Amino acid sequence: MRISGPQAERILYDIFHAKRKGRTAPLSHQLTLGWVGAPDNPIDEAMAVLMRAPRSYTREDVAEIHCHGAPYTVHETVRLAVKAGARPAEPGEFTRRAFENGRIDLAQAEAVMALIGAQGAKAAQDALRQMRGGASKIILEARAEAIRLLAGLEAAVDFPEEIDESEAMAGLREGAASLAATLRAACNPRAEKLLREGLDVVIAGRPNAGKSTLLNALLGEERAIVTDLPGTTRDTLTERLELDGLIVQLTDTAGLREDGDAVEEIGVARARAALECADLRLIVVDASAPLEPEDEALIVEPCIVVLNKCDLPPCINRYGGAARIVEVSALTGQGLPELLDTLREAAALPDASQASLTRARHIAAATQAAQALEEAVAAMDTGFPTDVAAIDLKRALDALGSITGETLSEDVIDAIFANFCVGK
Ligand code: GDP
């Protein structure tokens with residue numbers, strides 16, 4: 001349990017009593033063993049730590065009680081703290097105070113939330129990179145450059161005698177164009193999608209091609225996280241798989257054929273809808289039976305054609321038109337490692353090692369900034385008054401500032417923190 005603010009120390013020693021007495025001023029950043037509640041009738045035996053400002057998460061005085069996790073114990077400890085003058089924190093309030101007190105910027109605060117919600121190692125690593133200032137560094141450098149450009153532009157306007165305007169403008173035009181390109185290159189929308197939602201893979205094929213067997217076999221091979229996702233229906237079933245730290249959502253669909261009954265038709269319609277939105281399709285074909293036109297109609301890139309049942313005498317050994325073809329036996333497991341390798345390749349994060357922007361809000365703002373810079377370049381090219389380009393540069397600066405939080409209104413910041421969990 002965490003208490004933050006000028007009263008934290010007083011509240012802590014109202015409700016927590018160290019076993020070893022004798023020290024008048026408790027040390028900061030040191031764990032102490034003691035009792036929560038009255039020493040003669042305690043609620044719990046716990047450790048407590050006081051972190052005096054500014055060396056704390058929020059930069060305020062922070063007290064933490066590490067009590068046992070029983071709901072009764074936690075509830076009673078909170079109740080005592082509230083009785084002593086504390087109030088329950090709002091969602092994300094500690095992180096918000098850290099932001100408002102200048103310990104972290106908004107992009108880093110958002111990364112805390114991303115880390116808590118991260119699914120899979122890759123998403124967690126990316127969130128941590130941003131928490132340590134990965135995204136902020138890109139933005140701070142871009143802002144510094146935009147400010148330099150704006151200053152140059154204003155100097156050219158204010159001191160026409162001293163500065164050769166056409167030379168200055170050429171340099172500024174170059175600078176703005178290159179900054180716009182840098183910002184666009186830093187945006188990584190594919191990584192944003194993959195890290196937050198994972199790769200959506202839909203398994204499709206005619207009835208009895210072996211789709212369900214394949215799903216089970218793939219899950220059995222690499223069972224890192226396997227849960228039923230809520231909202232799945234009987235006809236399409238989605239399971240999760242973690243491949244090299246990245247979440248892959250595998251959806252098994254109803255067999256695709258045209259002459260089923262009414263219920264089956266609904267299943268087929270859902271299967272087709274799932275296929276349409278998939279990032280990647282696994283088209284399962286029974287390689288021991290003749291190829292049907294229906295099989296071929298399913299090949300829509302990006303896809304992997306899975307020639308299944310290769311343990312049986314083959315009827316097809318070639319499947320034209322697809323870029324990726326893998327032979328497997330879902331029943332015996334033959335070929336599954338190759339299929340997983342092909343999946344890994346398809347799910348590979350673009351330039352994961354390079355610093356990039358991987359949050360939708362940041363990508364949108366950086367794109368806006370790049371656009372404003374490009375408009376500044378166009379204004380210079382057209383020979384508009386210098387003021388026009390200056391306005392564009394200011395817009396770029398505002399957009400960049402919204403990422404780190406300098407230029408955001410209070411209600412947008414409220415909305416961002418409203419998504420946090422309580423206690424963070
Ligand atoms: P679905 O309708 O496409 O989901 O197909 P199923 O997974 O239910 O499989 C249909 C039938 O094919 C079942 O009897 C499976 O045991 C069989 N089957 C699936 N994969 C293989 C395979 O690789 N080899 C063989 N010999 N049989 C398989």
# chains A, B, ... in the order shown; residues from 1 in each chain; ligands from 1
>>> closest_atom_pairs(of="chain A", to="ligand 1", cutoff="12 Å", atoms="only C-alpha atoms and all ligand atoms", output="Markdown table")
| residue | atom | partner | partner_atom_place_in_ligand_line | distance |
| --- | --- | --- | --- | --- |
| A:Ile203 | CA | ligand 1 | 3 (O) | 9.0 |
| A:Ala204 | CA | ligand 1 | 3 (O) | 7.8 |
| A:Gly205 | CA | ligand 1 | 3 (O) | 6.4 |
| A:Arg206 | CA | ligand 1 | 3 (O) | 6.2 |
| A:Pro207 | CA | ligand 1 | 2 (O) | 4.1 |
| A:Asn208 | CA | ligand 1 | 2 (O) | 3.4 |
| A:Ala209 | CA | ligand 1 | 3 (O) | 4.0 |
| A:Gly210 | CA | ligand 1 | 5 (O) | 3.3 |
| A:Lys211 | CA | ligand 1 | 3 (O) | 3.7 |
| A:Ser212 | CA | ligand 1 | 7 (O) | 3.8 |
| A:Thr213 | CA | ligand 1 | 7 (O) | 3.7 |
| A:Leu214 | CA | ligand 1 | 7 (O) | 6.4 |
| A:Leu215 | CA | ligand 1 | 7 (O) | 8.0 |
| A:Asn216 | CA | ligand 1 | 7 (O) | 8.5 |
| A:Ala217 | CA | ligand 1 | 20 (N) | 9.4 |
| A:Leu218 | CA | ligand 1 | 20 (N) | 12.0 |
| A:Asp235 | CA | ligand 1 | 4 (O) | 10.7 |
| A:Thr236 | CA | ligand 1 | 4 (O) | 10.8 |
| A:Leu237 | CA | ligand 1 | 4 (O) | 11.0 |
| A:Thr251 | CA | ligand 1 | 4 (O) | 11.4 |
| A:Asp252 | CA | ligand 1 | 4 (O) | 7.7 |
| A:Thr253 | CA | ligand 1 | 4 (O) | 7.9 |
| A:Ala254 | CA | ligand 1 | 2 (O) | 7.4 |
| A:Gly255 | CA | ligand 1 | 2 (O) | 5.8 |
| A:Leu256 | CA | ligand 1 | 3 (O) | 9.0 |
| A:Arg257 | CA | ligand 1 | 2 (O) | 11.0 |
| A:Leu282 | CA | ligand 1 | 3 (O) | 11.6 |
| A:Ile283 | CA | ligand 1 | 3 (O) | 10.1 |
| A:Val284 | CA | ligand 1 | 3 (O) | 7.4 |
| A:Val285 | CA | ligand 1 | 3 (O) | 8.6 |
| A:Asp286 | CA | ligand 1 | 20 (N) | 8.0 |
| A:Ala287 | CA | ligand 1 | 23 (O) | 9.1 |
| A:Ser288 | CA | ligand 1 | 26 (N) | 8.5 |
| A:Ala289 | CA | ligand 1 | 26 (N) | 11.2 |
| A:Val306 | CA | ligand 1 | 23 (O) | 10.3 |
| A:Leu307 | CA | ligand 1 | 23 (O) | 8.8 |
| A:Asn308 | CA | ligand 1 | 23 (O) | 5.1 |
| A:Lys309 | CA | ligand 1 | 23 (O) | 3.3 |
| A:Cys310 | CA | ligand 1 | 23 (O) | 6.2 |
| A:Asp311 | CA | ligand 1 | 24 (N) | 5.7 |
| A:Leu312 | CA | ligand 1 | 26 (N) | 5.7 |
| A:Pro313 | CA | ligand 1 | 26 (N) | 9.3 |
| A:Pro314 | CA | ligand 1 | 26 (N) | 10.8 |
| A:Glu327 | CA | ligand 1 | 23 (O) | 9.6 |
| A:Val328 | CA | ligand 1 | 23 (O) | 6.6 |
| A:Ser329 | CA | ligand 1 | 23 (O) | 3.4 |
| A:Ala330 | CA | ligand 1 | 23 (O) | 3.9 |
| A:Leu331 | CA | ligand 1 | 23 (O) | 4.1 |
| A:Thr332 | CA | ligand 1 | 23 (O) | 6.4 |
| A:Gly333 | CA | ligand 1 | 23 (O) | 7.6 |
| A:Gln334 | CA | ligand 1 | 23 (O) | 8.2 |
| A:Gly335 | CA | ligand 1 | 23 (O) | 9.9 |
| A:Leu336 | CA | ligand 1 | 23 (O) | 10.3 |
>>> select_by_dssp(residues="segment 153-344 of chain A", states="strand (DSSP E or B)", output="count of residues only")
40
>>> closest_residue(among="A:Asp14, A:Glu406, A:Glu141, A:Asp411", to="Asp105 of chain A", atoms="only C-alpha atoms")
A:Glu406
>>> closest_residue(among="A:Pro302, A:Pro91, A:Pro290, A:Gly175", to="Arg324 of chain A", atoms="only C-alpha atoms")
A:Pro302
>>> residues_around(residues="Met51 of chain A", least_positions_apart="4", cutoff="7 Å", atoms="only C-alpha atoms", output="PyMOL selection string")
chain A and resi 28-29+55-56+61-63
>>> residues_around(residues="Ala84 of chain A", least_positions_apart="3", cutoff="7 Å", atoms="only C-alpha atoms", output="MDAnalysis selection string")
chainID A and resid 11 14 80:81
>>> write_last_selection(atoms="N, CA and C atoms", output="PDB file, in the first residue's frame")
ATOM      1  N   ILE A  11       1.139   9.926   8.553  1.00  0.00           N
ATOM      2  CA  ILE A  11       0.125   8.863   8.480  1.00  0.00           C
ATOM      3  C   ILE A  11       0.778   7.497   8.687  1.00  0.00           C
ATOM      4  N   ASP A  14       1.390   6.912  12.255  1.00  0.00           N
ATOM      5  CA  ASP A  14       0.122   6.775  13.004  1.00  0.00           C
ATOM      6  C   ASP A  14      -0.354   5.333  12.972  1.00  0.00           C
ATOM      7  N   LEU A  80      -7.391   2.025   8.047  1.00  0.00           N
ATOM      8  CA  LEU A  80      -6.632   2.761   9.068  1.00  0.00           C
ATOM      9  C   LEU A  80      -5.989   4.015   8.477  1.00  0.00           C
ATOM     10  N   ALA A  81      -5.433   3.870   7.261  1.00  0.00           N
ATOM     11  CA  ALA A  81      -4.758   5.012   6.619  1.00  0.00           C
ATOM     12  C   ALA A  81      -5.764   6.114   6.327  1.00  0.00           C
TER      13      ALA A  81
END
>>> closest_residue(among="A:Val49, A:Val36, A:Ala191, A:Ala181", to="Leu373 of chain A", atoms="only C-alpha atoms")
A:Ala181
>>> residues_around(residues="Ala89 of chain A", least_positions_apart="2", cutoff="9 Å", atoms="only C-alpha atoms", output="MDAnalysis selection string")
chainID A and resid 3 86:87 91:94 422:424
>>> select_by_dssp(residues="segment 123-199 of chain A", states="helix (DSSP H, G or I)", output="ChimeraX atom specification")
/A:123-131,134-158,165-186,189-197
>>> write_last_selection(atoms="C-alpha atoms", output="PDB file, in the first residue's frame")
ATOM      1  CA  ALA A 123       5.310  -5.725 -25.671  1.00  0.00           C
ATOM      2  CA  ALA A 124       6.797  -5.585 -22.161  1.00  0.00           C
ATOM      3  CA  GLN A 125      10.284  -4.866 -23.511  1.00  0.00           C
ATOM      4  CA  ASP A 126       8.940  -2.129 -25.756  1.00  0.00           C
ATOM      5  CA  ALA A 127       7.018  -0.535 -22.864  1.00  0.00           C
ATOM      6  CA  LEU A 128      10.136  -0.610 -20.695  1.00  0.00           C
ATOM      7  CA  ARG A 129      12.185   0.998 -23.459  1.00  0.00           C
ATOM      8  CA  GLN A 130       9.629   3.824 -23.596  1.00  0.00           C
ATOM      9  CA  MET A 131       9.509   4.085 -19.818  1.00  0.00           C
ATOM     10  CA  GLY A 134      12.976   5.795 -25.734  1.00  0.00           C
ATOM     11  CA  ALA A 135      10.090   7.621 -27.388  1.00  0.00           C
ATOM     12  CA  SER A 136      10.717  10.836 -25.468  1.00  0.00           C
ATOM     13  CA  LYS A 137      14.291  11.059 -26.754  1.00  0.00           C
ATOM     14  CA  ILE A 138      13.097  11.043 -30.369  1.00  0.00           C
ATOM     15  CA  ILE A 139      10.567  13.760 -29.595  1.00  0.00           C
ATOM     16  CA  LEU A 140      12.903  15.943 -27.535  1.00  0.00           C
ATOM     17  CA  GLU A 141      15.473  15.900 -30.318  1.00  0.00           C
ATOM     18  CA  ALA A 142      12.803  16.706 -32.906  1.00  0.00           C
ATOM     19  CA  ARG A 143      11.509  19.576 -30.782  1.00  0.00           C
ATOM     20  CA  ALA A 144      14.988  20.994 -30.340  1.00  0.00           C
ATOM     21  CA  GLU A 145      15.469  20.918 -34.103  1.00  0.00           C
ATOM     22  CA  ALA A 146      12.051  22.519 -34.759  1.00  0.00           C
ATOM     23  CA  ILE A 147      12.875  25.281 -32.270  1.00  0.00           C
ATOM     24  CA  ARG A 148      16.213  25.848 -34.012  1.00  0.00           C
ATOM     25  CA  LEU A 149      14.403  26.135 -37.375  1.00  0.00           C
ATOM     26  CA  LEU A 150      11.812  28.509 -35.990  1.00  0.00           C
ATOM     27  CA  ALA A 151      14.499  30.704 -34.431  1.00  0.00           C
ATOM     28  CA  GLY A 152      16.337  30.779 -37.757  1.00  0.00           C
ATOM     29  CA  LEU A 153      13.164  31.761 -39.574  1.00  0.00           C
ATOM     30  CA  GLU A 154      12.414  34.541 -37.133  1.00  0.00           C
ATOM     31  CA  ALA A 155      15.987  35.803 -37.315  1.00  0.00           C
ATOM     32  CA  ALA A 156      15.716  36.008 -41.094  1.00  0.00           C
ATOM     33  CA  VAL A 157      12.560  38.109 -40.710  1.00  0.00           C
ATOM     34  CA  ASP A 158      13.872  40.336 -37.920  1.00  0.00           C
ATOM     35  CA  GLU A 165      17.412  35.615 -46.683  1.00  0.00           C
ATOM     36  CA  SER A 166      17.531  33.271 -49.652  1.00  0.00           C
ATOM     37  CA  GLU A 167      20.523  31.421 -48.206  1.00  0.00           C
ATOM     38  CA  ALA A 168      18.880  31.181 -44.792  1.00  0.00           C
ATOM     39  CA  MET A 169      15.618  29.978 -46.316  1.00  0.00           C
ATOM     40  CA  ALA A 170      17.369  27.257 -48.310  1.00  0.00           C
ATOM     41  CA  GLY A 171      18.974  25.931 -45.135  1.00  0.00           C
ATOM     42  CA  LEU A 172      15.703  26.077 -43.214  1.00  0.00           C
ATOM     43  CA  ARG A 173      13.825  24.382 -46.026  1.00  0.00           C
ATOM     44  CA  GLU A 174      16.362  21.526 -45.995  1.00  0.00           C
ATOM     45  CA  GLY A 175      16.125  21.269 -42.196  1.00  0.00           C
ATOM     46  CA  ALA A 176      12.326  21.146 -42.152  1.00  0.00           C
ATOM     47  CA  ALA A 177      12.160  18.560 -44.939  1.00  0.00           C
ATOM     48  CA  SER A 178      14.697  16.339 -43.247  1.00  0.00           C
ATOM     49  CA  LEU A 179      12.983  16.633 -39.841  1.00  0.00           C
ATOM     50  CA  ALA A 180       9.653  15.654 -41.435  1.00  0.00           C
ATOM     51  CA  ALA A 181      11.320  12.597 -42.996  1.00  0.00           C
ATOM     52  CA  THR A 182      12.961  11.638 -39.677  1.00  0.00           C
ATOM     53  CA  LEU A 183       9.610  11.824 -37.889  1.00  0.00           C
ATOM     54  CA  ARG A 184       7.837   9.749 -40.511  1.00  0.00           C
ATOM     55  CA  ALA A 185      10.574   7.125 -40.343  1.00  0.00           C
ATOM     56  CA  ALA A 186      10.292   6.968 -36.546  1.00  0.00           C
ATOM     57  CA  PRO A 189       2.430   1.518 -36.989  1.00  0.00           C
ATOM     58  CA  ARG A 190       3.015  -2.172 -37.699  1.00  0.00           C
ATOM     59  CA  ALA A 191       4.896  -2.599 -34.416  1.00  0.00           C
ATOM     60  CA  GLU A 192       2.149  -0.655 -32.631  1.00  0.00           C
ATOM     61  CA  LYS A 193      -0.460  -3.069 -33.941  1.00  0.00           C
ATOM     62  CA  LEU A 194       1.592  -6.211 -33.306  1.00  0.00           C
ATOM     63  CA  LEU A 195       2.695  -5.236 -29.802  1.00  0.00           C
ATOM     64  CA  ARG A 196      -0.734  -4.223 -28.616  1.00  0.00           C
ATOM     65  CA  GLU A 197      -2.987  -6.700 -30.351  1.00  0.00           C
TER      66      GLU A 197
END
>>> closest_residue(among="A:Leu340, A:Leu408, A:Met113, A:Leu27", to="Gly220 of chain A", atoms="only C-alpha atoms")
A:Leu340
>>> closest_residue(among="A:Phe99, A:Tyr57, A:Trp35, A:Phe16", to="Gly405 of chain A", atoms="only C-alpha atoms")
A:Phe99
>>> residues_around(residues="Ala38 of chain A", least_positions_apart="4", cutoff="12 Å", atoms="only C-alpha atoms", output="JSON, numbers by chain")
{"A": [13, 14, 15, 16, 17, 18, 19, 34, 42, 43, 44, 45, 77, 80]}
>>> atom_distance(atom1="atom CA of Cys277 of chain A", atom2="atom CA of Val202 of chain A")
8.9 Å
>>> atom_distance(atom1="atom CA of Lys21 of chain A", atom2="atom CA of Pro88 of chain A")
29.4 Å
>>> atom_distance(atom1="atom CA of Ala366 of chain A", atom2="atom CA of Leu400 of chain A")
6.2 Å
>>> decode(residues="segment 51-72 of chain A", atoms="N, CA, C and O atoms", output="PDB file, in the first residue's frame")
ATOM      1  N   MET A  51      10.025   7.046   1.811  1.00  0.00           N
ATOM      2  CA  MET A  51      10.926   7.629   0.808  1.00  0.00           C
ATOM      3  C   MET A  51      10.669   9.123   0.775  1.00  0.00           C
ATOM      4  O   MET A  51       9.643   9.569   0.262  1.00  0.00           O
ATOM      5  N   ARG A  52      11.592   9.874   1.347  1.00  0.00           N
ATOM      6  CA  ARG A  52      11.349  11.318   1.436  1.00  0.00           C
ATOM      7  C   ARG A  52      11.575  11.983   0.083  1.00  0.00           C
ATOM      8  O   ARG A  52      12.440  11.581  -0.689  1.00  0.00           O
ATOM      9  N   ALA A  53      10.787  13.035  -0.139  1.00  0.00           N
ATOM     10  CA  ALA A  53      10.894  13.823  -1.375  1.00  0.00           C
ATOM     11  C   ALA A  53      12.312  14.394  -1.479  1.00  0.00           C
ATOM     12  O   ALA A  53      12.912  14.712  -0.443  1.00  0.00           O
ATOM     13  N   PRO A  54      12.867  14.537  -2.660  1.00  0.00           N
ATOM     14  CA  PRO A  54      12.252  14.215  -3.957  1.00  0.00           C
ATOM     15  C   PRO A  54      12.637  12.828  -4.471  1.00  0.00           C
ATOM     16  O   PRO A  54      12.340  12.524  -5.612  1.00  0.00           O
ATOM     17  N   ARG A  55      13.277  12.002  -3.619  1.00  0.00           N
ATOM     18  CA  ARG A  55      13.753  10.712  -4.127  1.00  0.00           C
ATOM     19  C   ARG A  55      12.656   9.662  -3.992  1.00  0.00           C
ATOM     20  O   ARG A  55      12.768   8.727  -3.197  1.00  0.00           O
ATOM     21  N   SER A  56      11.570   9.848  -4.736  1.00  0.00           N
ATOM     22  CA  SER A  56      10.472   8.882  -4.674  1.00  0.00           C
ATOM     23  C   SER A  56       9.785   8.838  -6.024  1.00  0.00           C
ATOM     24  O   SER A  56      10.065   9.665  -6.898  1.00  0.00           O
ATOM     25  N   TYR A  57       8.869   7.888  -6.196  1.00  0.00           N
ATOM     26  CA  TYR A  57       8.169   7.726  -7.468  1.00  0.00           C
ATOM     27  C   TYR A  57       7.437   9.000  -7.889  1.00  0.00           C
ATOM     28  O   TYR A  57       7.426   9.378  -9.054  1.00  0.00           O
ATOM     29  N   THR A  58       6.802   9.661  -6.901  1.00  0.00           N
ATOM     30  CA  THR A  58       5.990  10.844  -7.229  1.00  0.00           C
ATOM     31  C   THR A  58       6.754  12.151  -7.013  1.00  0.00           C
ATOM     32  O   THR A  58       6.241  13.219  -7.281  1.00  0.00           O
ATOM     33  N   ARG A  59       7.959  12.054  -6.495  1.00  0.00           N
ATOM     34  CA  ARG A  59       8.760  13.204  -6.040  1.00  0.00           C
ATOM     35  C   ARG A  59       8.182  13.860  -4.796  1.00  0.00           C
ATOM     36  O   ARG A  59       8.644  14.916  -4.372  1.00  0.00           O
ATOM     37  N   GLU A  60       7.127  13.235  -4.220  1.00  0.00           N
ATOM     38  CA  GLU A  60       6.606  13.706  -2.934  1.00  0.00           C
ATOM     39  C   GLU A  60       7.116  12.731  -1.875  1.00  0.00           C
ATOM     40  O   GLU A  60       7.724  11.722  -2.210  1.00  0.00           O
ATOM     41  N   ASP A  61       6.836  13.027  -0.590  1.00  0.00           N
ATOM     42  CA  ASP A  61       7.101  12.021   0.439  1.00  0.00           C
ATOM     43  C   ASP A  61       6.214  10.816   0.128  1.00  0.00           C
ATOM     44  O   ASP A  61       5.009  10.975  -0.104  1.00  0.00           O
ATOM     45  N   VAL A  62       6.801   9.636   0.114  1.00  0.00           N
ATOM     46  CA  VAL A  62       6.022   8.434  -0.161  1.00  0.00           C
ATOM     47  C   VAL A  62       6.270   7.427   0.956  1.00  0.00           C
ATOM     48  O   VAL A  62       7.418   7.223   1.363  1.00  0.00           O
ATOM     49  N   ALA A  63       5.186   6.827   1.450  1.00  0.00           N
ATOM     50  CA  ALA A  63       5.315   5.741   2.424  1.00  0.00           C
ATOM     51  C   ALA A  63       4.691   4.500   1.827  1.00  0.00           C
ATOM     52  O   ALA A  63       3.655   4.583   1.152  1.00  0.00           O
ATOM     53  N   GLU A  64       5.338   3.368   2.020  1.00  0.00           N
ATOM     54  CA  GLU A  64       4.754   2.116   1.540  1.00  0.00           C
ATOM     55  C   GLU A  64       4.710   1.116   2.675  1.00  0.00           C
ATOM     56  O   GLU A  64       5.663   1.000   3.449  1.00  0.00           O
ATOM     57  N   ILE A  65       3.597   0.398   2.746  1.00  0.00           N
ATOM     58  CA  ILE A  65       3.487  -0.694   3.717  1.00  0.00           C
ATOM     59  C   ILE A  65       3.379  -1.988   2.927  1.00  0.00           C
ATOM     60  O   ILE A  65       2.497  -2.128   2.074  1.00  0.00           O
ATOM     61  N   HIS A  66       4.293  -2.886   3.174  1.00  0.00           N
ATOM     62  CA  HIS A  66       4.273  -4.176   2.483  1.00  0.00           C
ATOM     63  C   HIS A  66       3.642  -5.189   3.421  1.00  0.00           C
ATOM     64  O   HIS A  66       4.329  -5.815   4.224  1.00  0.00           O
ATOM     65  N   CYS A  67       2.316  -5.277   3.366  1.00  0.00           N
ATOM     66  CA  CYS A  67       1.609  -6.166   4.287  1.00  0.00           C
ATOM     67  C   CYS A  67       1.258  -7.466   3.567  1.00  0.00           C
ATOM     68  O   CYS A  67       1.524  -7.613   2.374  1.00  0.00           O
ATOM     69  N   HIS A  68       0.675  -8.395   4.276  1.00  0.00           N
ATOM     70  CA  HIS A  68       0.261  -9.636   3.631  1.00  0.00           C
ATOM     71  C   HIS A  68      -0.945  -9.358   2.728  1.00  0.00           C
ATOM     72  O   HIS A  68      -1.694  -8.431   2.975  1.00  0.00           O
ATOM     73  N   GLY A  69      -1.090 -10.178   1.713  1.00  0.00           N
ATOM     74  CA  GLY A  69      -2.067  -9.850   0.663  1.00  0.00           C
ATOM     75  C   GLY A  69      -3.501 -10.268   0.925  1.00  0.00           C
ATOM     76  O   GLY A  69      -4.337 -10.146   0.029  1.00  0.00           O
ATOM     77  N   ALA A  70      -3.811 -10.725   2.114  1.00  0.00           N
ATOM     78  CA  ALA A  70      -5.196 -11.149   2.372  1.00  0.00           C
ATOM     79  C   ALA A  70      -6.131  -9.954   2.217  1.00  0.00           C
ATOM     80  O   ALA A  70      -5.794  -8.858   2.670  1.00  0.00           O
ATOM     81  N   PRO A  71      -7.276 -10.160   1.582  1.00  0.00           N
ATOM     82  CA  PRO A  71      -8.197  -9.033   1.395  1.00  0.00           C
ATOM     83  C   PRO A  71      -8.518  -8.329   2.717  1.00  0.00           C
ATOM     84  O   PRO A  71      -8.549  -7.092   2.766  1.00  0.00           O
ATOM     85  N   TYR A  72      -8.680  -9.096   3.795  1.00  0.00           N
ATOM     86  CA  TYR A  72      -8.998  -8.478   5.089  1.00  0.00           C
ATOM     87  C   TYR A  72      -7.866  -7.550   5.536  1.00  0.00           C
ATOM     88  O   TYR A  72      -8.080  -6.404   5.919  1.00  0.00           O
TER      89      TYR A  72
END
